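Below you'll find the structure, written out as structure tokens, and then a few comments.
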Amino acid sequence: MSLRTEPRWVAGAAALLIPLLALAYEPAETMLSDAERAAAVPAGPWQGQWRVTRSDARLTTRASSELLALTVFQDAGAATAAVTWLAGRAICEDPLAEPCETVGASGDAATAAISAGALVAVLRISPDDSDPYLLHLAAPLSGRPAQGVLLNARGDWAYRVEAVREQP
């Protein structure tokens with residue numbers, strides 16, 4: 001009898017190992033000491049993943065209107081945040097044409113601040129370092145998307161946008 005070809009052996013081993021692994025698993029939050037839990041800072045209102053879409057009548061699907069995917073790290077009460085971004089197809093001036101060079105670009109916000117509940121971030125999306133993009137999102141109102149604008153520093157264009165928090 002070969003262990004490789006004996007299906008009962010494999011099934012039996014799996015039946016024994018799965019409950020043992022479940023017992024051995026410990027959630028990360030229980031691994032903190034009392035002092036670490038007491039020192040923990042709760043997340044701020046912008047903390048999480050956000051999907052930013054462009055308001056443009058030519059864009060009829062969620063995929064075509066996706067402008068940015070944001071991940072925001074913010075502590076409660078903090079006036080600053082750390083933001084990472086990924087540019088979608090709607091970042092292009094004409095999103096119905098061939099994808100432009102910034103589709104798929106990603107990075108960290110040069111700076112991000114919370115002011116009067118709004119998130120304001122400077123994003124270096126453009127290949128031209130002298131022309132960063134500015135994202136302004138007003139504080140979201142009870143379950144509604146956050147409304148805002150994305151514009152370039154030179155003021156050549158501006159897109160109306162809305163951001164929705166992604167569910168984990």
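In the structure tokens, chains take the letters A, B, ... in the order shown, each chain's residues start at 1, and ligands count up from 1 in the order shown.
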
How close does each residue of range 38-83 of chain A get to range 87-99 of chain A, giving the shortest atom pair and distance in Å to one decimal for every residue with an atom at most 6 Å away, counting only C-alpha atoms, sorted by chain and residue number, as CSV?
```
residue,atom,partner,partner_atom,distance
A:Ser65,CA,A:Ala90,CA,5.2
A:Glu66,CA,A:Gly88,CA,5.3
A:Leu67,CA,A:Ala90,CA,4.6
A:Leu68,CA,A:Ala87,CA,4.7
```

>> Calculated over only C-alpha atoms, which of the candidates A:Asn152, A:Gln147, A:Ser115, A:Thr53 has the smallest distance to Pro127 in chain A?
In response: A:Asn152
